[in-house]
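Below: the structure, in structure tokens.
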Amino acid sequence: MRALISMPKSGPNHVARAAFAAVIGAIKSQAPQKVLRSLYPGDEKSLSVLQRATVAPATTTQGGWASELTQTAFRAFLTDLQPISAASRLIALGVPALLDGFTEGKYPARSGAPATVGWVSEGGAIPVAQRLLSTITIGPTRKLALLTVFTREMATRTDAEEVFTQLLREDTAATLDAVYFSTAAGSGSAHAGLLYGLSAIPASSAGGDAAMKADLTALVAAVAAGGSGQVVFIMSTVDATTFPINFPETANKVTIFGSTAVPDGRIIAVDPVSLLHGTDPAPSIDASNDTAVHMSDAATQLSVAGAPPTVAAPVVSMFQSGQIALRILADIAFAKRRAGAVAYIDGADWSAVA
């Protein structure tokens, strides 16, 4: 599969380091900043991620010290997920939007095709190109939340940092893809998915190679018009993995990202440069070994008043069970710079599981 971008070996994962230091700090009853300084001497960027939430005035909100360090930390953490997250690859290829200090913003967008200016003779007047601009709204931001529980034994393994970082990356990647490639509408707590409001393009019934080419061509025609000229396809992990086996000639000519959030048979086309992404400059990271957690994928409040009151189950005490709960909260928003930036097909009959 041809890639639009290279993925060199990344440097330190500052958000993961900050989170790991918070977990070890909860185990040792030490300030996470002290733990981080001990584990990673001289790593001011990871330290700044931890200290962004402190209320002392000389922290990340004050120019000249940590504010400059934290601006790209969370975005770098998200784009570092590229091998396991299609949404991460779109963030790396898309246009960044600064979300620091507001929950909703207006960004300029071009109306129509870019203006062209020809050659100018010596001493000649330079043409003034007319550019029509509109604005698009990105936001309000919505909170992306991760709550993960680790045992004390796991957190103190010799290779604990590597295990911890991989688990954190996998959880974040799955969550990020699920919210990006959703068809769900937005709400007061959820961001609308990229597929919300779109109607699926009818899939070809020609079968095999002919259907595949017809479907991809239809998607390109829908997404490329008025776009950047770049189109990527997002498929289920099964379809993305088997595509170069079943269609080797075409696989060398297109860019395909696999995602666990995309069902088999659904093919999504995206112009990545036509997407705008806003990520939290620095997330909130907390760890605790003395809290109680409702251990459920559909967690609720621990108790709700009523007759009789509703009590969540199962609830586990971190203190009693010798576990550590890690919570990461980050504000995220994304928007299409033009209406035709995304299109999709359902029920492709050339899918690996068709």
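Ordered as shown in the structure tokens, chains take letters A, B, and onward, while each chain numbers its residues from 1 and ligands are numbered from 1 in the order shown.
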Requested in this report: Would you mind listing what lies within 10 Å of stretch 263-267 of chain A as an MDAnalysis selection string, with only C-alpha atoms counted and same-chain residues fewer than 2 positions away left out?
Outcome: chainID A and resid 200:201 203 215:216 219 233:240 256 259:261 269 343:354
Requested in this report: Run DSSP on the backbone of this structure and report the residues of stretch 242-280 of chain A it assigns to alpha helix (DSSP H), as JSON, numbers by chain.
Outcome: {"A": [242, 243, 244, 245, 246, 248, 249, 250, 251]}
Restricting the output to N, CA and C atoms, write the selected residues as an mmCIF file, in the first residue's frame.
```
data_model
loop_
_atom_site.group_PDB
_atom_site.id
_atom_site.type_symbol
_atom_site.label_atom_id
_atom_site.label_comp_id
_atom_site.auth_asym_id
_atom_site.auth_seq_id
_atom_site.Cartn_x
_atom_site.Cartn_y
_atom_site.Cartn_z
ATOM 1 N N THR A 242 -6.286 -7.419 3.382
ATOM 2 C CA THR A 242 -6.426 -8.349 2.259
ATOM 3 C C THR A 242 -6.455 -7.659 0.900
ATOM 4 N N PHE A 243 -6.633 -6.335 0.874
ATOM 5 C CA PHE A 243 -6.733 -5.629 -0.408
ATOM 6 C C PHE A 243 -5.497 -5.861 -1.285
ATOM 7 N N PRO A 244 -4.279 -5.684 -0.777
ATOM 8 C CA PRO A 244 -3.112 -5.900 -1.650
ATOM 9 C C PRO A 244 -2.933 -7.351 -2.079
ATOM 10 N N ILE A 245 -3.569 -8.276 -1.367
ATOM 11 C CA ILE A 245 -3.505 -9.683 -1.772
ATOM 12 C C ILE A 245 -4.469 -9.933 -2.925
ATOM 13 N N ASN A 246 -5.678 -9.372 -2.805
ATOM 14 C CA ASN A 246 -6.708 -9.611 -3.818
ATOM 15 C C ASN A 246 -6.567 -8.694 -5.039
ATOM 16 N N PRO A 248 -3.488 -6.649 -6.138
ATOM 17 C CA PRO A 248 -2.115 -6.131 -6.008
ATOM 18 C C PRO A 248 -1.796 -4.968 -6.939
ATOM 19 N N GLU A 249 -2.331 -4.968 -8.147
ATOM 20 C CA GLU A 249 -2.008 -3.893 -9.082
ATOM 21 C C GLU A 249 -2.600 -2.566 -8.612
ATOM 22 N N THR A 250 -3.828 -2.595 -8.147
ATOM 23 C CA THR A 250 -4.470 -1.366 -7.671
ATOM 24 C C THR A 250 -3.871 -0.919 -6.347
ATOM 25 N N ALA A 251 -3.466 -1.867 -5.523
ATOM 26 C CA ALA A 251 -2.926 -1.526 -4.204
ATOM 27 C C ALA A 251 -1.697 -0.638 -4.308
#
```
Query raised in the report: Can you list, as JSON, numbers by chain, every protein, DNA or RNA residue that comes within 6 Å of stretch 170-182 of chain A when you count only C-alpha atoms, leaving out same-chain residues fewer than 3 positions away?
Result: {"A": [85, 87, 167, 193, 194, 195, 261]}
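Proximity of A:Val273, A:Ala313, A:Ala206, A:Ile24 to A:Ala155, computed with only C-alpha atoms, is greatest for A:Ile24.
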Report task. Would you mind listing what lies within 12 Å of A:Ala192 as a list in words, with only C-alpha atoms counted and same-chain residues fewer than 2 positions away left out? Result -> Ile138, Gly139, Pro140, Thr141, Arg142, Ala178, Val179, Tyr180, Phe181, Ser182, Thr183, Ala184, Ala185, Gly186, Ser187, Gly188, Ser189, Ala190, Leu194, Leu195, Tyr196, Gly197, Leu198, Ile332, Ala333, Phe334, Ala335 and Lys336 of chain A
Report summary line: Here atom CA of A:Ala19 and atom CA of A:Ile91 stand apart by 21.9 Å
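We find atom CA of A:Lys34 and atom CA of A:Ile285 to be spaced 15.1 Å apart.
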Quick one: pick out all strand (DSSP E or B) residues within stretch 120-182 of chain A from a backbone DSSP run and write them as an mmCIF file with C-alpha atoms, in the first residue's frame.
```
data_model
loop_
_atom_site.group_PDB
_atom_site.id
_atom_site.type_symbol
_atom_site.label_atom_id
_atom_site.label_comp_id
_atom_site.auth_asym_id
_atom_site.auth_seq_id
_atom_site.Cartn_x
_atom_site.Cartn_y
_atom_site.Cartn_z
ATOM 1 C CA LEU A 133 -13.402 33.444 1.515
ATOM 2 C CA SER A 134 -16.025 32.109 3.861
ATOM 3 C CA THR A 135 -15.715 30.762 7.390
ATOM 4 C CA ILE A 136 -16.290 27.354 8.870
ATOM 5 C CA THR A 137 -16.963 26.581 12.501
ATOM 6 C CA ILE A 138 -14.822 24.127 14.401
ATOM 7 C CA ARG A 142 -15.869 17.719 23.100
ATOM 8 C CA LYS A 143 -14.064 15.887 25.839
ATOM 9 C CA LEU A 144 -12.247 12.683 24.949
ATOM 10 C CA ALA A 145 -11.892 10.681 28.163
ATOM 11 C CA LEU A 146 -9.867 7.579 28.945
ATOM 12 C CA LEU A 147 -10.128 5.768 32.274
ATOM 13 C CA THR A 148 -7.857 2.763 32.608
ATOM 14 C CA VAL A 149 -7.088 0.578 35.605
ATOM 15 C CA PHE A 150 -3.705 -1.039 36.193
ATOM 16 C CA THR A 151 -2.640 -3.491 38.864
#
```
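Note that atom CA of A:Lys45 and atom CA of A:Lys106 are 29.4 Å apart.
Using only C-alpha atoms, the contacts of stretch 338-341 of chain A at a cut-off of 6 Å, with sequence neighbours closer than 3 positions omitted, comprise A:Val223, A:Val270, A:Asp271, A:Ser274.
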Could you save the residues just selected, with N, CA and C atoms, as a PDB file, in the first residue's frame?
```
ATOM      1  N   VAL A 223     -15.083  12.933  -3.813  1.00  0.00           N
ATOM      2  CA  VAL A 223     -14.222  13.612  -2.833  1.00  0.00           C
ATOM      3  C   VAL A 223     -13.223  14.560  -3.489  1.00  0.00           C
ATOM      4  N   VAL A 270     -11.457  10.022   1.866  1.00  0.00           N
ATOM      5  CA  VAL A 270     -11.253  11.303   2.534  1.00  0.00           C
ATOM      6  C   VAL A 270     -10.168  12.092   1.805  1.00  0.00           C
ATOM      7  N   ASP A 271     -10.427  13.384   1.612  1.00  0.00           N
ATOM      8  CA  ASP A 271      -9.366  14.306   1.207  1.00  0.00           C
ATOM      9  C   ASP A 271      -8.772  14.834   2.511  1.00  0.00           C
ATOM     10  N   SER A 274      -8.471  18.528   3.422  1.00  0.00           N
ATOM     11  CA  SER A 274      -9.723  19.259   3.570  1.00  0.00           C
ATOM     12  C   SER A 274     -10.345  19.069   4.947  1.00  0.00           C
TER      13      SER A 274
END
```
